[in-house]
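This is work.cif. It holds mmCIF, C-alpha atoms.
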```cif
data_query
#
loop_
_atom_site.label_atom_id
_atom_site.label_comp_id
_atom_site.auth_asym_id
_atom_site.auth_seq_id
_atom_site.Cartn_x
_atom_site.Cartn_y
_atom_site.Cartn_z
CA MET M 1 -212.61 14.41 -57.91
CA ALA M 2 -215.41 12.07 -56.96
CA PHE M 3 -215.72 10.11 -53.74
CA VAL M 4 -216.22 6.80 -54.87
CA VAL M 5 -216.62 -3.99 -54.79
CA ALA M 6 -219.45 -4.15 -56.88
CA THR M 7 -220.76 -7.53 -57.97
CA VAL M 8 -220.45 -6.93 -61.69
CA VAL M 9 -222.95 -8.78 -63.82
CA ILE M 10 -221.06 -9.94 -66.89
CA LEU M 11 -223.12 -9.72 -70.06
CA GLY M 12 -222.33 -10.60 -73.66
CA PRO M 13 -220.74 -8.13 -76.08
CA ALA M 14 -222.86 -5.11 -76.93
CA ALA M 15 -223.03 -3.18 -80.20
CA SER M 16 -220.99 0.02 -80.41
CA ALA M 17 -222.48 3.40 -81.21
CA SER M 18 -220.37 4.28 -84.24
CA GLY M 19 -216.75 3.74 -85.24
CA LEU M 20 -215.73 0.88 -82.93
CA GLY M 21 -216.51 -2.80 -83.16
CA ALA M 22 -218.49 -4.64 -80.50
CA TRP M 23 -217.19 -4.37 -76.94
CA SER M 24 -215.65 -7.56 -75.61
CA THR M 25 -217.05 -9.28 -72.55
CA PRO M 26 -215.75 -7.15 -69.64
CA THR M 27 -212.80 -8.37 -67.57
CA PHE M 28 -212.68 -7.60 -63.87
CA VAL M 29 -209.39 -5.86 -63.03
CA TYR M 30 -209.19 -4.82 -59.38
CA ALA M 31 -211.16 -3.99 -56.26
CA ALA M 32 -209.69 -2.16 -53.28
CA SER M 33 -211.45 -4.65 -51.01
CA SER M 34 -208.72 -7.14 -51.90
CA ILE M 35 -206.41 -5.23 -49.54
CA GLN M 36 -208.85 -2.94 -47.67
CA SER M 37 -212.39 -3.55 -46.48
CA PRO M 38 -214.04 -1.18 -47.03
CA GLY M 39 -212.00 0.63 -49.67
CA TYR M 40 -212.35 2.27 -53.08
CA SER M 41 -210.32 2.61 -56.28
CA TYR M 42 -211.20 4.67 -59.36
CA ALA M 43 -209.96 7.03 -62.13
CA PRO M 44 -207.39 4.62 -63.65
CA SER M 45 -204.33 5.54 -65.69
CA ALA M 46 -203.37 2.17 -67.18
CA ILE M 47 -200.11 1.18 -68.88
CA ALA M 48 -199.89 -1.95 -71.04
CA GLY M 49 -197.11 -4.52 -70.86
CA SER M 50 -196.31 -8.04 -69.70
CA THR M 51 -196.97 -6.50 -66.30
CA GLU M 52 -199.88 -4.08 -66.57
CA ARG M 53 -199.80 -1.08 -64.27
CA TYR M 54 -202.92 0.66 -63.02
CA TYR M 55 -202.38 4.00 -61.27
CA THR M 56 -205.58 4.97 -59.46
CA CYS M 57 -207.21 7.25 -56.96
CA HIS M 58 -207.42 4.95 -53.95
CA SER M 59 -208.52 5.00 -50.33
CA ARG M 60 -205.62 5.51 -47.98
CA VAL M 61 -206.67 2.94 -45.38
CA SER M 62 -209.79 0.91 -44.79
CA GLY M 63 -212.85 3.07 -44.28
CA ASP M 64 -210.97 6.38 -44.63
CA VAL M 65 -212.26 8.80 -47.29
CA ARG M 66 -208.90 10.27 -48.11
CA ASP M 67 -207.12 9.76 -51.42
CA HIS M 68 -203.70 8.40 -52.36
CA ALA M 69 -202.25 7.62 -55.78
CA PHE M 70 -201.93 3.82 -55.81
CA LEU M 71 -200.08 1.51 -58.19
CA THR M 72 -201.64 -1.89 -58.80
CA LYS M 73 -199.64 -4.37 -60.88
CA ARG M 74 -201.41 -7.12 -62.78
CA SER M 75 -199.72 -10.04 -64.55
CA GLY M 76 -201.20 -13.14 -66.14
CA GLY M 77 -204.69 -11.91 -65.34
CA SER M 78 -204.01 -11.69 -61.59
CA VAL M 79 -203.11 -8.83 -59.27
CA ALA M 80 -199.46 -9.15 -58.23
CA SER M 81 -199.26 -6.13 -55.90
CA SER M 82 -201.08 -2.97 -54.90
CA ALA M 83 -199.63 -0.17 -52.78
CA SER M 84 -199.49 3.60 -52.37
CA ALA M 85 -197.25 5.19 -55.01
CA LEU M 86 -197.57 8.83 -53.94
CA ALA M 87 -199.13 10.10 -50.72
CA PRO M 88 -200.29 13.58 -49.73
CA SER M 89 -197.60 15.83 -48.29
CA ALA M 90 -197.37 16.47 -44.56
CA SER M 91 -198.42 20.08 -45.16
CA GLY M 92 -199.11 22.54 -47.96
CA TRP M 93 -201.22 22.63 -51.10
CA ASP M 94 -201.26 18.83 -51.66
CA SER M 95 -201.65 17.71 -48.05
CA TYR M 96 -205.17 16.24 -48.00
CA HIS M 97 -206.43 14.43 -51.12
CA LEU M 98 -204.00 13.24 -53.81
CA CYS M 99 -205.82 11.68 -56.73
CA ASP M 100 -206.17 11.12 -60.52
CA PRO M 101 -202.57 10.09 -61.34
CA SER M 102 -201.50 10.09 -65.01
CA VAL M 103 -198.06 8.60 -65.69
CA ILE M 104 -195.97 8.98 -68.86
CA ARG M 105 -192.41 8.45 -70.03
CA VAL M 106 -190.69 11.76 -70.78
CA ASN M 107 -187.24 13.34 -70.50
CA ALA M 108 -187.43 15.49 -67.38
CA THR M 109 -185.11 17.39 -65.05
CA LEU M 110 -185.59 18.53 -61.47
CA GLY M 111 -182.90 19.99 -59.22
CA GLY M 112 -180.21 19.03 -61.72
CA GLN M 113 -181.30 15.38 -61.68
CA SER M 114 -182.59 13.68 -64.82
CA TYR M 115 -185.74 11.56 -64.74
CA THR M 116 -187.48 9.30 -67.24
CA HIS M 117 -191.07 9.42 -66.01
CA ALA M 118 -193.58 12.00 -64.79
CA MET M 119 -196.76 11.58 -62.77
CA PHE M 120 -199.35 14.35 -63.03
CA TYR M 121 -201.91 14.38 -60.25
CA LEU M 122 -204.74 16.32 -58.61
CA ALA M 123 -204.32 17.38 -55.00
CA ASN M 124 -205.85 19.72 -52.43
CA ASP M 125 -205.44 20.88 -48.85
CA MET M 126 -209.05 20.65 -47.65
CA ASN M 127 -211.46 17.89 -46.65
CA CYS M 128 -213.75 18.52 -49.61
CA SER M 129 -214.13 18.02 -53.35
CA CYS M 130 -212.81 21.57 -53.85
CA HIS M 131 -209.73 23.79 -54.05
CA ASN M 132 -208.03 21.31 -56.38
CA GLN M 133 -204.73 21.98 -58.13
CA ILE M 134 -202.50 19.91 -60.43
CA GLY M 135 -198.99 18.81 -59.50
CA VAL M 136 -196.22 16.73 -61.03
CA ALA M 137 -193.72 14.23 -59.61
CA TYR M 138 -190.72 12.52 -61.21
CA SER M 139 -189.13 9.08 -61.18
CA ASN M 140 -186.64 6.93 -63.08
CA SER M 141 -189.00 3.97 -63.00
CA LEU M 142 -192.69 3.29 -63.54
CA ASP M 143 -192.62 1.90 -60.02
CA GLY M 144 -191.18 4.99 -58.32
CA PRO M 145 -190.05 6.30 -55.95
CA TRP M 146 -191.54 9.64 -56.96
CA VAL M 147 -190.00 13.04 -56.27
CA ARG M 148 -192.55 15.84 -56.40
CA TYR M 149 -192.12 19.35 -57.76
CA GLY M 150 -192.98 21.52 -54.77
CA SER M 151 -195.48 23.93 -56.34
CA PRO M 152 -198.73 23.41 -58.26
CA LEU M 153 -198.20 23.01 -61.99
CA VAL M 154 -201.74 24.26 -62.69
CA PRO M 155 -202.68 26.37 -59.64
CA PHE M 156 -206.12 27.21 -58.33
CA LYS M 157 -207.32 30.33 -60.11
CA ALA M 158 -206.64 33.49 -58.11
CA GLY M 159 -209.72 35.33 -56.85
CA GLU M 160 -212.06 32.32 -57.02
CA PRO M 161 -213.71 31.05 -53.82
CA SER M 162 -211.90 28.08 -52.29
CA SER M 163 -215.18 26.17 -52.34
CA ASP M 164 -214.98 25.95 -56.15
CA TRP M 165 -213.77 22.64 -57.60
CA GLY M 166 -210.66 24.11 -59.27
CA ALA M 167 -208.27 22.25 -61.63
CA GLY M 168 -207.68 18.51 -61.78
CA GLN M 169 -208.25 15.17 -63.51
CA PRO M 170 -205.01 15.45 -65.55
CA SER M 171 -204.27 13.19 -68.52
CA ALA M 172 -200.93 13.36 -70.35
CA THR M 173 -199.20 12.03 -73.45
CA THR M 174 -195.77 12.43 -75.07
CA ILE M 175 -196.12 12.78 -78.82
CA ASP M 176 -192.34 12.71 -79.37
CA ALA M 177 -190.84 9.78 -77.44
CA ASN M 178 -187.49 11.58 -77.08
CA SER M 179 -188.93 14.90 -75.99
CA GLY M 180 -188.95 16.69 -72.68
CA THR M 181 -192.40 18.09 -73.49
CA ALA M 182 -195.67 16.58 -72.35
CA VAL M 183 -199.14 17.19 -73.73
CA LEU M 184 -201.35 17.80 -70.71
CA THR M 185 -205.15 17.92 -70.57
CA TRP M 186 -207.31 18.54 -67.51
CA THR M 187 -210.68 19.66 -66.16
CA GLU M 188 -211.42 23.10 -64.73
CA GLY M 189 -214.53 23.92 -62.71
CA TYR M 190 -215.10 27.46 -61.45
CA GLY M 191 -218.77 28.24 -60.91
CA GLY M 192 -219.98 27.76 -64.50
CA PRO M 193 -219.86 24.72 -66.78
CA ASN M 194 -216.81 22.48 -66.59
CA LYS M 195 -214.09 23.07 -69.18
CA GLY M 196 -211.56 20.72 -70.68
CA LYS M 197 -208.15 22.37 -71.03
CA MET M 198 -204.98 21.50 -72.95
CA ALA M 199 -201.40 22.77 -72.82
CA MET M 200 -197.79 21.84 -73.47
CA VAL M 201 -195.53 21.28 -70.45
CA ASP M 202 -191.75 21.55 -70.82
CA LEU M 203 -190.28 19.29 -68.13
CA ASP M 204 -186.63 19.44 -69.17
CA GLY M 205 -185.65 22.77 -67.64
CA ALA M 206 -184.94 24.12 -64.18
CA ALA M 207 -188.69 24.08 -63.50
CA PRO M 208 -191.70 22.85 -65.49
CA VAL M 209 -193.15 25.46 -67.85
CA VAL M 210 -196.76 25.39 -69.03
CA THR M 211 -197.52 27.07 -72.38
CA GLY M 212 -200.27 27.24 -74.96
CA VAL M 213 -203.18 26.78 -72.58
CA HIS M 214 -206.49 26.60 -74.44
CA ASP M 215 -209.99 25.18 -74.14
CA ILE M 216 -210.72 21.77 -75.65
CA THR M 217 -213.65 22.06 -78.01
CA THR M 218 -217.03 20.76 -76.85
CA SER M 219 -218.45 20.62 -80.38
CA GLY M 220 -219.89 17.15 -80.89
CA LEU M 221 -220.33 16.48 -77.18
CA ILE M 222 -223.98 15.55 -76.72
CA ASP M 223 -225.57 14.28 -73.52
CA ALA M 224 -227.92 11.29 -73.25
CA ASN M 225 -230.91 13.59 -73.83
CA GLY M 226 -229.51 15.06 -77.05
CA ASN M 227 -228.38 18.35 -75.52
CA PRO M 228 -224.94 20.01 -75.81
CA ASP M 229 -222.66 18.67 -73.10
CA ASP M 230 -219.66 19.90 -71.15
CA LEU M 231 -216.48 17.99 -70.34
CA ASN M 232 -215.05 16.42 -67.20
CA ASN M 233 -213.66 13.10 -65.94
CA PHE M 234 -211.92 12.28 -69.23
CA ASP M 235 -208.76 10.52 -70.37
CA ILE M 236 -206.93 10.79 -73.70
CA VAL M 237 -204.79 8.49 -75.83
CA TYR M 238 -202.96 9.33 -79.06
CA SER M 239 -202.90 7.27 -82.26
CA PRO M 240 -199.63 8.03 -84.13
CA GLN M 241 -200.81 6.03 -87.16
CA ARG M 242 -203.93 8.19 -87.54
CA ASP M 243 -202.61 11.41 -85.98
CA ARG M 244 -205.79 11.32 -83.94
CA PHE M 245 -206.67 11.79 -80.28
CA TYR M 246 -209.20 9.51 -78.63
CA MET M 247 -211.05 10.59 -75.52
CA VAL M 248 -213.14 8.61 -73.05
CA ARG M 249 -215.38 10.69 -70.81
CA GLU M 250 -218.29 10.50 -68.42
CA ARG M 251 -221.53 11.18 -70.29
CA HIS M 252 -224.11 13.46 -68.74
CA PRO M 253 -226.62 14.12 -67.30
CA TYR M 254 -225.80 12.42 -64.05
CA PRO M 255 -228.69 10.38 -62.67
CA ALA M 256 -231.24 11.70 -60.19
CA SER M 257 -230.90 8.67 -57.92
CA SER M 258 -228.06 8.38 -55.43
CA PRO M 259 -225.16 8.42 -56.13
CA ASN M 260 -225.97 11.40 -58.35
CA TYR M 261 -222.39 12.68 -58.86
CA ILE M 262 -221.08 9.92 -61.15
CA SER M 263 -222.26 8.75 -64.55
CA THR M 264 -224.20 5.75 -65.77
CA ALA M 265 -222.23 5.59 -69.04
CA VAL M 266 -218.88 6.57 -70.53
CA GLU M 267 -218.34 7.58 -74.14
CA VAL M 268 -215.39 7.18 -76.52
CA LEU M 269 -214.84 9.98 -79.05
CA SER M 270 -212.07 11.06 -81.40
CA THR M 271 -210.75 14.15 -83.17
CA PRO M 272 -207.85 14.90 -85.57
CA GLY M 273 -204.59 15.95 -83.96
CA SER M 274 -204.68 19.36 -85.62
CA ASP M 275 -208.09 20.10 -84.05
CA MET M 276 -206.85 19.10 -80.61
CA TRP M 277 -203.84 21.42 -80.92
CA GLY M 278 -206.05 24.29 -82.03
CA GLY M 279 -209.06 23.74 -79.76
CA THR M 280 -211.20 23.53 -82.88
CA GLY M 281 -213.15 20.94 -84.84
CA THR M 282 -215.84 18.51 -83.73
CA TRP M 283 -215.63 15.31 -81.72
CA THR M 284 -216.81 12.11 -83.44
CA VAL M 285 -218.60 9.56 -81.25
CA GLU M 286 -216.93 6.15 -81.55
CA GLY M 287 -218.69 4.06 -78.88
CA VAL M 288 -220.51 3.98 -75.54
CA ILE M 289 -220.08 1.77 -72.48
CA ASP M 290 -223.23 1.69 -70.36
CA SER M 291 -224.92 -0.86 -68.10
CA SER M 292 -225.64 -3.11 -71.09
CA VAL M 293 -221.86 -3.58 -71.36
CA SER M 294 -220.64 -3.13 -67.78
CA GLY M 295 -223.61 -4.73 -66.03
CA ALA M 296 -223.25 -2.11 -63.28
CA ALA M 297 -225.60 0.55 -61.92
CA ARG M 298 -222.84 3.15 -62.42
CA THR M 299 -220.12 3.23 -65.08
CA HIS M 300 -217.80 6.18 -64.48
CA ASN M 301 -214.28 7.66 -64.05
CA PRO M 302 -212.76 5.92 -67.11
CA GLY M 303 -209.29 5.68 -68.61
CA PHE M 304 -207.56 4.05 -71.57
CA LEU M 305 -205.02 1.24 -71.61
CA ARG M 306 -202.00 3.05 -73.11
CA THR M 307 -198.28 2.72 -73.67
CA GLU M 308 -196.06 4.57 -71.24
CA TYR M 309 -195.91 7.35 -73.85
CA GLY M 310 -199.69 7.80 -73.76
CA THR M 311 -200.24 6.18 -77.17
CA LEU M 312 -202.29 3.21 -78.35
CA PRO M 313 -200.56 -0.12 -77.56
CA ASN M 314 -202.30 -1.67 -80.57
CA GLU M 315 -203.48 0.48 -83.47
CA ASN M 316 -206.16 -2.10 -84.30
CA GLU M 317 -208.07 -1.88 -81.02
CA ILE M 318 -208.89 0.33 -78.08
CA THR M 319 -209.26 -0.76 -74.45
CA VAL M 320 -211.19 1.23 -71.88
CA VAL M 321 -210.65 0.71 -68.15
CA TYR M 322 -213.67 2.02 -66.28
CA THR M 323 -214.97 2.24 -62.73
CA THR M 324 -218.13 0.49 -61.62
CA ALA M 325 -220.32 1.19 -58.61
CA THR M 326 -223.51 0.02 -56.97
CA LEU M 327 -226.33 2.29 -55.81
CA ASP M 328 -226.34 3.96 -52.42
CA PRO M 329 -226.10 3.28 -49.57
CA GLY M 330 -222.42 2.45 -49.70
CA SER M 331 -221.68 3.16 -53.36
CA LEU M 332 -218.28 4.71 -52.59
CA TRP M 333 -217.04 1.47 -51.07
CA SER M 334 -218.09 -0.47 -54.17
CA TYR M 335 -215.83 1.42 -56.60
CA ALA M 336 -213.84 -1.17 -58.61
CA LEU M 337 -212.17 -1.47 -62.02
CA SER M 338 -213.12 -3.47 -65.12
CA ARG M 339 -212.04 -3.25 -68.75
CA THR M 340 -213.36 -3.99 -72.22
CA THR M 341 -211.88 -3.85 -75.74
CA ALA M 342 -213.28 -3.00 -79.17
CA ALA M 343 -211.76 -3.22 -82.64
CA LEU M 344 -210.63 0.12 -84.07
#
```
Can the structure from this file be put into structure tokens for me?
Amino acid sequence: MAFVVATVVILGPAASASGLGAWSTPTFVYAASSIQSPGYSYAPSAIAGSTERYYTCHSRVSGDVRDHAFLTKRSGGSVASSASALAPSASGWDSYHLCDPSVIRVNATLGGQSYTHAMFYLANDMNCSCHNQIGVAYSNSLDGPWVRYGSPLVPFKAGEPSSDWGAGQPSATTIDANSGTAVLTWTEGYGGPNKGKMAMVDLDGAAPVVTGVHDITTSGLIDANGNPDDLNNFDIVYSPQRDRFYMVRERHPYPASSPNYISTAVEVLSTPGSDMWGGTGTWTVEGVIDSSVSGAARTHNPGFLRTEYGTLPNENEITVVYTTATLDPGSLWSYALSRTTAAL
């Protein structure tokens, strides 16, 4: 979780690093300042359609550094609405920050009631970027209302100090459109290097069940200086045609200048489905979005435009929705969303 409306300088298309075509001229999507001033919005989970839906980590009210999961609807190139979709609870493990929503269509059951959609989210109970856990909520519509499962789906690791970052930044897909099982990925941070994790989540029983937890390989992840890199702030999308997972992540190292906790570039990579299931293989770099594309001092907290099943809407292209920011002072209040597309 990062605490994060820039004037975005729009440049021409830039060359990609490897497997993708040139990035299109960026399109501005949304700034929280349209309804709050100051405000912030970042970490998008975007769903394609005639009405596009952007679920984000969003400021609760103007000037308040406290996170909600927001839903912003966009149609015909304009924002139609933006409002809180899921708020922190009044008390308990998810009572302070609630962030990083990832929404998918899946057959789910809770309390004997059937649901068609699940929202995975990060939450905590402390005024800090720490003690994070992952929860899940259910709905019969992309627009809610959302009914939360009362306990953490991925709890904070027992025995670790509460000041550690914990588990969060979930991203989910449903490989089988008629299944009650989700594919869930997330970030864990406990003292050492960050780790990307993956598991299957059965949502169609009396309670969600997480199985097959394993590390996501870091082979092929290289930072801007050519050194092996770790993994955090990433989103995934699945290509059924290729049986391939695509990932967009923040590239390290973070800059020395302030803000020094978000990236200057995001990177798109891919790996075969079998390697993702096994935690093996090597990531292939497909493209990079940096200031030459975004025109922003910071390019960070990215996500893909996906179907509601977490798959590519168009097998011939890939669209990245990323967060931009200015330099400090005031970078948090400049967090806003833009998007760009490249041929695949």
Residues matched by the PyMOL selection byres ((chain M and resi 205-222) around 7), written as a ChimeraX atom specification: /M:109-111,195-204,223-224,226-230,276,279-284
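For Asn316 of chain M, the list of residues within 9 Å, based on all atoms listed in the file and with local chain neighbours fewer than 6 positions off taken out, reads Ala342, Ala343 and Leu344 of chain M.
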Two-atom distance - atom CA of Ser82 of chain M, atom CA of Ala32 of chain M (Å):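 Result for atom CA of Ser82 of chain M versus atom CA of Ala32 of chain M: 8.8 Å, one decimal.
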Ref. answer, residues at most 7 Å from (-217.0, -3.6, -75.3) with all atoms listed in the file, as a PyMOL selection string: chain M and resi 13-14+22-26+289+293+340-342
Straight-line distance linking atom CA of Ser84 of chain M with atom CA of Leu71 of chain M, stated in Å to one decimal: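 Taking atom CA of Ser84 of chain M and atom CA of Leu71 of chain M, their separation equals 6.2 Å.
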Chain and number of each residue from the PyMOL selection byres ((chain M and resi 59) around 10), as an MDAnalysis selection string: chainID M and resid 3:4 32 36 38:42 56:58 60:70 84 97 99 333
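Our summary of the geometry notes that atom CA of Ser171 of chain M is positioned 11.3 Å from atom CA of Pro302 of chain M.
The nearest approach to Gln169 of chain M among the residues M:Ser45, M:Ala87, M:Tyr96, M:Arg242, with all atoms listed in the file taken into account, belongs to M:Ser45.
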Hits from the PyMOL selection byres ((chain M and resi 153-159) around 6), listed as a VMD selection string: chain M and resid 133 to 135 152 160 166
Minimum-distance residue to Thr324 of chain M, chosen among M:Gly168, M:Pro44, M:Pro240, M:Gly49 (using all atoms listed in the file):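 So, comparing all the options, the nearest one is M:Pro44.
Among M:Ser37, M:Ser163, M:Gln113, M:Ser239, the residue with the shortest atom-to-atom distance to Glu317 of chain M, counting only C-alpha atoms, is M:Ser239.
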Shell around Val106 of chain M at 7 Å using only C-alpha atoms, local window under 4 positions removed, as a list of chain:residue names: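 Neighbouring residues, sequence-local ones excluded: M:Thr116, M:His117, M:Ala118, M:Thr174, M:Ala177, M:Ser179, M:Gly180.
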From M:Ile47, M:Leu327, M:Leu142, M:Ala31, residue lying nearest Ala296 of chain M [all atoms listed in the file]: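 Looking at the shortest contact to Ala296 of chain M, the residue is M:Leu327.
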